[in-house]
$ cat entry14.csv   # CSV, C-alpha atoms
chain,number,residue,atom,x,y,z
A,81,MET,CA,-19.4,65.4,10.9
A,82,ILE,CA,-18.5,62.0,12.4
A,83,THR,CA,-15.9,59.9,10.6
A,84,ALA,CA,-15.3,56.2,11.3
A,85,THR,CA,-12.2,54.2,10.6
A,86,PRO,CA,-13.1,51.0,8.9
A,87,ARG,CA,-12.1,47.9,10.7
A,88,PRO,CA,-11.4,44.6,9.0
A,89,ALA,CA,-14.1,42.0,9.5
A,90,PRO,CA,-13.2,39.7,12.4
A,91,GLN,CA,-11.7,36.5,11.2
A,92,GLU,CA,-12.1,33.1,12.8
A,93,HIS,CA,-9.1,32.0,14.7
A,94,ALA,CA,-7.4,29.3,12.7
A,95,ARG,CA,-6.5,26.3,14.8
A,96,PRO,CA,-2.7,25.7,14.7
A,97,ALA,CA,-1.6,22.6,12.9
A,98,PRO,CA,-0.9,19.8,15.4
A,99,PRO,CA,2.8,19.6,16.2
A,100,HIS,CA,2.8,15.9,15.3
A,101,ALA,CA,1.0,13.4,13.1
A,102,VAL,CA,0.0,10.0,14.4
A,103,ARG,CA,0.7,7.1,12.0
A,104,THR,CA,1.4,3.4,12.0
A,105,ALA,CA,5.1,2.7,12.5
A,106,ARG,CA,7.2,1.2,9.8
A,107,GLN,CA,10.1,-1.3,10.1
A,108,GLU,CA,12.6,1.4,9.5
A,109,ASP,CA,11.3,3.2,12.6
A,110,ALA,CA,12.6,0.4,14.8
A,111,PRO,CA,15.9,2.2,15.9
A,112,ALA,CA,13.9,5.4,16.7
A,113,LEU,CA,11.4,3.3,18.7
A,114,ALA,CA,14.2,1.7,20.7
A,115,GLU,CA,15.8,5.1,21.3
A,116,LEU,CA,12.5,6.8,22.3
A,117,SER,CA,11.9,3.9,24.8
A,118,ARG,CA,15.4,3.9,26.3
A,119,PRO,CA,14.9,6.5,29.0
A,120,PHE,CA,11.8,4.6,30.2
A,121,VAL,CA,13.7,1.3,30.2
A,122,ARG,CA,16.4,2.9,32.3
A,123,SER,CA,13.8,4.2,34.8
A,124,GLY,CA,12.2,0.8,35.0
A,125,ALA,CA,8.9,1.9,33.5
A,126,LEU,CA,9.4,-0.2,30.4
A,127,ARG,CA,10.9,-3.6,29.6
A,128,GLU,CA,13.9,-3.6,27.4
A,129,ARG,CA,13.2,-4.7,23.8
A,130,PRO,CA,15.8,-5.2,21.1
A,131,VAL,CA,15.6,-3.2,17.9
A,132,GLU,CA,14.9,-6.4,16.1
A,133,LEU,CA,11.7,-6.9,18.1
A,134,TYR,CA,10.5,-3.4,17.3
A,135,ALA,CA,11.2,-4.1,13.6
A,136,ALA,CA,9.3,-7.4,13.8
A,137,HIS,CA,6.3,-5.9,15.5
A,138,ALA,CA,6.3,-2.4,13.9
A,139,ALA,CA,2.7,-2.9,12.7
A,140,ASP,CA,1.7,-3.0,16.4
A,141,PHE,CA,2.9,0.6,16.9
A,142,LEU,CA,1.4,4.0,16.4
A,143,VAL,CA,3.9,6.8,16.5
A,144,ALA,CA,3.5,10.6,16.9
A,145,GLU,CA,5.8,12.1,14.3
A,146,ALA,CA,6.9,15.7,14.7
A,147,ALA,CA,7.1,18.1,11.8
A,148,ASP,CA,10.8,17.6,11.6
A,149,GLY,CA,10.4,13.8,11.2
A,150,THR,CA,11.5,12.8,14.7
A,151,LEU,CA,9.3,10.5,16.8
A,152,ALA,CA,7.7,12.3,19.7
A,153,GLY,CA,6.0,9.2,21.1
A,154,CYS,CA,4.9,5.7,20.5
A,155,VAL,CA,2.4,3.1,21.7
A,156,GLY,CA,1.9,-0.6,20.9
A,157,LEU,CA,-1.4,-2.3,20.5
A,158,ARG,CA,-1.6,-6.1,20.3
A,159,THR,CA,-4.7,-8.2,20.0
A,160,HIS,CA,-5.1,-11.3,22.2
A,161,ARG,CA,-7.8,-13.8,22.9
A,162,ALA,CA,-9.8,-12.4,25.9
A,163,ALA,CA,-10.0,-14.2,29.2
A,164,PRO,CA,-12.8,-16.7,29.6
A,165,ALA,CA,-14.2,-14.4,32.3
A,166,GLN,CA,-14.5,-11.7,29.6
A,167,GLY,CA,-16.4,-13.9,27.2
A,168,GLY,CA,-13.4,-15.2,25.3
A,169,GLY,CA,-13.6,-12.7,22.4
A,170,ARG,CA,-10.7,-10.5,21.4
A,171,ALA,CA,-9.1,-7.9,23.6
A,172,GLY,CA,-6.3,-5.5,23.0
A,173,VAL,CA,-3.2,-4.8,25.1
A,174,VAL,CA,-1.7,-1.4,25.1
A,175,TYR,CA,2.1,-1.5,25.7
A,176,ASN,CA,5.4,0.4,25.4
A,177,PHE,CA,3.6,3.7,25.7
A,178,CYS,CA,6.1,6.5,25.9
A,179,VAL,CA,6.4,10.2,25.0
A,180,ALA,CA,9.8,12.0,24.6
A,181,GLY,CA,10.7,14.0,27.7
A,182,ASP,CA,10.7,17.3,25.8
A,183,ARG,CA,7.2,16.6,24.4
A,184,GLN,CA,5.5,15.5,27.6
A,185,GLY,CA,2.5,17.6,28.5
A,186,SER,CA,2.0,18.8,24.9
A,187,GLY,CA,-0.8,16.4,24.0
A,188,VAL,CA,1.2,13.8,22.3
A,189,GLY,CA,0.2,11.0,24.8
A,190,ALA,CA,-3.5,12.0,24.5
A,191,ALA,CA,-3.3,11.9,20.7
A,192,LEU,CA,-1.7,8.5,20.8
A,193,LEU,CA,-4.2,7.1,23.3
A,194,ARG,CA,-7.1,8.5,21.2
A,195,ALA,CA,-5.7,6.8,18.1
A,196,VAL,CA,-5.3,3.5,20.0
A,197,LEU,CA,-9.0,3.8,21.1
A,198,ALA,CA,-10.1,4.5,17.5
A,199,THR,CA,-8.1,1.5,16.3
A,200,ALA,CA,-9.5,-0.8,19.0
A,201,HIS,CA,-13.1,0.3,18.1
A,202,ALA,CA,-12.4,-0.3,14.4
A,203,GLU,CA,-11.1,-3.7,15.1
A,204,ARG,CA,-14.1,-4.4,17.3
A,205,LEU,CA,-12.1,-5.3,20.4
A,206,GLY,CA,-14.2,-6.0,23.5
A,207,ALA,CA,-11.7,-4.4,25.9
A,208,LEU,CA,-8.3,-2.9,26.3
A,209,PHE,CA,-5.8,-3.7,29.0
A,210,THR,CA,-2.5,-2.1,30.0
A,211,ALA,CA,0.0,-2.5,32.8
A,212,THR,CA,1.7,0.6,34.3
A,213,THR,CA,4.3,1.1,37.0
A,214,GLY,CA,3.3,4.8,37.1
A,215,GLY,CA,0.1,6.4,38.3
A,216,GLY,CA,-1.8,5.8,35.0
A,217,GLY,CA,-3.4,9.2,35.1
A,218,LEU,CA,-3.8,9.5,31.3
A,219,PHE,CA,-5.4,6.1,31.1
A,220,LEU,CA,-7.8,6.9,34.0
A,221,ARG,CA,-8.8,10.2,32.4
A,222,TYR,CA,-9.8,8.2,29.3
A,223,GLY,CA,-12.0,5.7,31.2
A,224,PHE,CA,-9.6,2.9,32.1
A,225,ALA,CA,-10.1,1.4,35.6
A,226,PRO,CA,-8.0,-0.9,37.8
A,227,THR,CA,-8.6,-4.6,37.3
A,228,THR,CA,-6.9,-7.9,38.1
A,229,ALA,CA,-4.7,-10.2,36.0
A,230,ARG,CA,-7.5,-12.8,36.2
A,231,LEU,CA,-9.6,-10.7,33.8
A,232,ALA,CA,-6.8,-9.9,31.4
A,233,PRO,CA,-5.9,-12.0,28.3
A,234,PRO,CA,-4.2,-15.1,29.8
A,235,SER,CA,-1.3,-15.1,27.4
A,236,TRP,CA,-0.5,-11.5,28.3
A,237,ALA,CA,-1.2,-11.8,32.0
A,238,ALA,CA,1.3,-14.8,32.2
A,239,SER,CA,4.0,-12.6,30.7
A,240,LEU,CA,3.8,-9.9,33.4
A,241,ASP,CA,6.7,-9.8,35.8
A,242,PRO,CA,5.3,-9.7,39.4
A,243,ARG,CA,8.6,-8.0,40.6
A,244,ARG,CA,7.6,-4.9,38.6
A,245,ASN,CA,4.4,-4.4,40.8
A,246,ALA,CA,2.5,-2.9,37.8
A,247,ARG,CA,-1.1,-1.8,38.1
A,248,ILE,CA,-3.3,-3.5,35.5
A,249,LEU,CA,-5.9,-1.2,34.0
A,250,THR,CA,-8.8,-2.0,31.6
A,251,LYS,CA,-11.4,-0.2,29.5
A,252,CYS,CA,-14.4,-1.9,28.1
A,253,LEU,CA,-15.2,-0.9,24.6
$ encode --input "entry14.csv" --output "structure tokens"
Amino acid sequence: MITATPRPAPQEHARPAPPHAVRTARQEDAPALAELSRPFVRSGALRERPVELYAAHAADFLVAEAADGTLAGCVGLRTHRAAPAQGGGRAGVVYNFCVAGDRQGSGVGAALLRAVLATAHAERLGALFTATTGGGGLFLRYGFAPTTARLAPPSWAASLDPRRNARILTKCL
């Protein structure tokens, strides 16, 4: 006689809940945005912005909020009139993109960039631009490519500090 021990039916692996949720920033997030950005300002990767500016432009920002309510990352998206060389429509500028040091490499930056791309598509922007003093690897992986300030929105390009030697990247949408 052969006996068999019943085994439970295989269950599909449940995907773990994301460690953060991406949402639009609120004015009350301004101090946390400034605090999150501070290490990047000290390193020279970001320009310093006062808390009041974060509060005034909170609607520009998407934030990755951890389960405990802390902000794991943020990114700003502002709409500008595109350069005449780009047809003069509307273009977006991605700015103040940062992820908390202890959250880097965990997918927070990628989630924020995907959310920015979705927002840009929903707003029917023709292109996105950003300036980075780093390598820009995440942007490049998502289809951004080097460009010149001449092709960027003029009002934004004029605000760039040439001493920072930032690379300008763009993605056509």
$ atom_distance --input "entry14.csv" --atom1 "CA of Leu240 in chain A" --atom2 "CA of Cys154 in chain A"
20.3 Å
$ residues_near_point --input "entry14.csv" --point "(-1.3, -2.1, 21.6)" --cutoff "9 Å" --atoms "only C-alpha atoms" --output "NGL selection string"
:A and (140-142 or 155-159 or 172-177 or 196 or 200 or 208-210)
$ write_last_selection --input "entry14.csv" --atoms "C-alpha atoms" --output "PDB file, in the frame of the given file"
ATOM      1  CA  ASP A 140       1.700  -3.000  16.400  1.00  0.00           C
ATOM      2  CA  PHE A 141       2.900   0.600  16.900  1.00  0.00           C
ATOM      3  CA  LEU A 142       1.400   4.000  16.400  1.00  0.00           C
ATOM      4  CA  VAL A 155       2.400   3.100  21.700  1.00  0.00           C
ATOM      5  CA  GLY A 156       1.900  -0.600  20.900  1.00  0.00           C
ATOM      6  CA  LEU A 157      -1.400  -2.300  20.500  1.00  0.00           C
ATOM      7  CA  ARG A 158      -1.600  -6.100  20.300  1.00  0.00           C
ATOM      8  CA  THR A 159      -4.700  -8.200  20.000  1.00  0.00           C
ATOM      9  CA  GLY A 172      -6.300  -5.500  23.000  1.00  0.00           C
ATOM     10  CA  VAL A 173      -3.200  -4.800  25.100  1.00  0.00           C
ATOM     11  CA  VAL A 174      -1.700  -1.400  25.100  1.00  0.00           C
ATOM     12  CA  TYR A 175       2.100  -1.500  25.700  1.00  0.00           C
ATOM     13  CA  ASN A 176       5.400   0.400  25.400  1.00  0.00           C
ATOM     14  CA  PHE A 177       3.600   3.700  25.700  1.00  0.00           C
ATOM     15  CA  VAL A 196      -5.300   3.500  20.000  1.00  0.00           C
ATOM     16  CA  ALA A 200      -9.500  -0.800  19.000  1.00  0.00           C
ATOM     17  CA  LEU A 208      -8.300  -2.900  26.300  1.00  0.00           C
ATOM     18  CA  PHE A 209      -5.800  -3.700  29.000  1.00  0.00           C
ATOM     19  CA  THR A 210      -2.500  -2.100  30.000  1.00  0.00           C
TER      20      THR A 210
END
$ residues_around --input "entry14.csv" --residues "Arg106 in chain A" --least-positions-apart "4" --cutoff "12 Å" --atoms "only C-alpha atoms" --output "list in words"
Ala110, Pro111, Ala112, Leu113, Tyr134, Ala135, Ala136, His137, Ala138, Ala139, Asp140, Phe141, Leu142, Val143, Glu145, Leu151 and Cys154 of chain A
$ residues_near_point --input "entry14.csv" --point "(6.1, -10.3, 32.1)" --cutoff "12 Å" --atoms "only C-alpha atoms" --output "PDB file with C-alpha atoms, in the frame of the given file"
ATOM      1  CA  LEU A 126       9.400  -0.200  30.400  1.00  0.00           C
ATOM      2  CA  ARG A 127      10.900  -3.600  29.600  1.00  0.00           C
ATOM      3  CA  GLU A 128      13.900  -3.600  27.400  1.00  0.00           C
ATOM      4  CA  TYR A 175       2.100  -1.500  25.700  1.00  0.00           C
ATOM      5  CA  ALA A 211       0.000  -2.500  32.800  1.00  0.00           C
ATOM      6  CA  THR A 212       1.700   0.600  34.300  1.00  0.00           C
ATOM      7  CA  ALA A 229      -4.700 -10.200  36.000  1.00  0.00           C
ATOM      8  CA  PRO A 234      -4.200 -15.100  29.800  1.00  0.00           C
ATOM      9  CA  SER A 235      -1.300 -15.100  27.400  1.00  0.00           C
ATOM     10  CA  TRP A 236      -0.500 -11.500  28.300  1.00  0.00           C
ATOM     11  CA  ALA A 237      -1.200 -11.800  32.000  1.00  0.00           C
ATOM     12  CA  ALA A 238       1.300 -14.800  32.200  1.00  0.00           C
ATOM     13  CA  SER A 239       4.000 -12.600  30.700  1.00  0.00           C
ATOM     14  CA  LEU A 240       3.800  -9.900  33.400  1.00  0.00           C
ATOM     15  CA  ASP A 241       6.700  -9.800  35.800  1.00  0.00           C
ATOM     16  CA  PRO A 242       5.300  -9.700  39.400  1.00  0.00           C
ATOM     17  CA  ARG A 243       8.600  -8.000  40.600  1.00  0.00           C
ATOM     18  CA  ARG A 244       7.600  -4.900  38.600  1.00  0.00           C
ATOM     19  CA  ASN A 245       4.400  -4.400  40.800  1.00  0.00           C
ATOM     20  CA  ALA A 246       2.500  -2.900  37.800  1.00  0.00           C
TER      21      ALA A 246
END
$ closest_residue --input "entry14.csv" --among "A:Glu115, A:Leu253, A:Ala101, A:Arg247" --to "Ala147 in chain A" --atoms "all atoms listed in the file"
A:Ala101
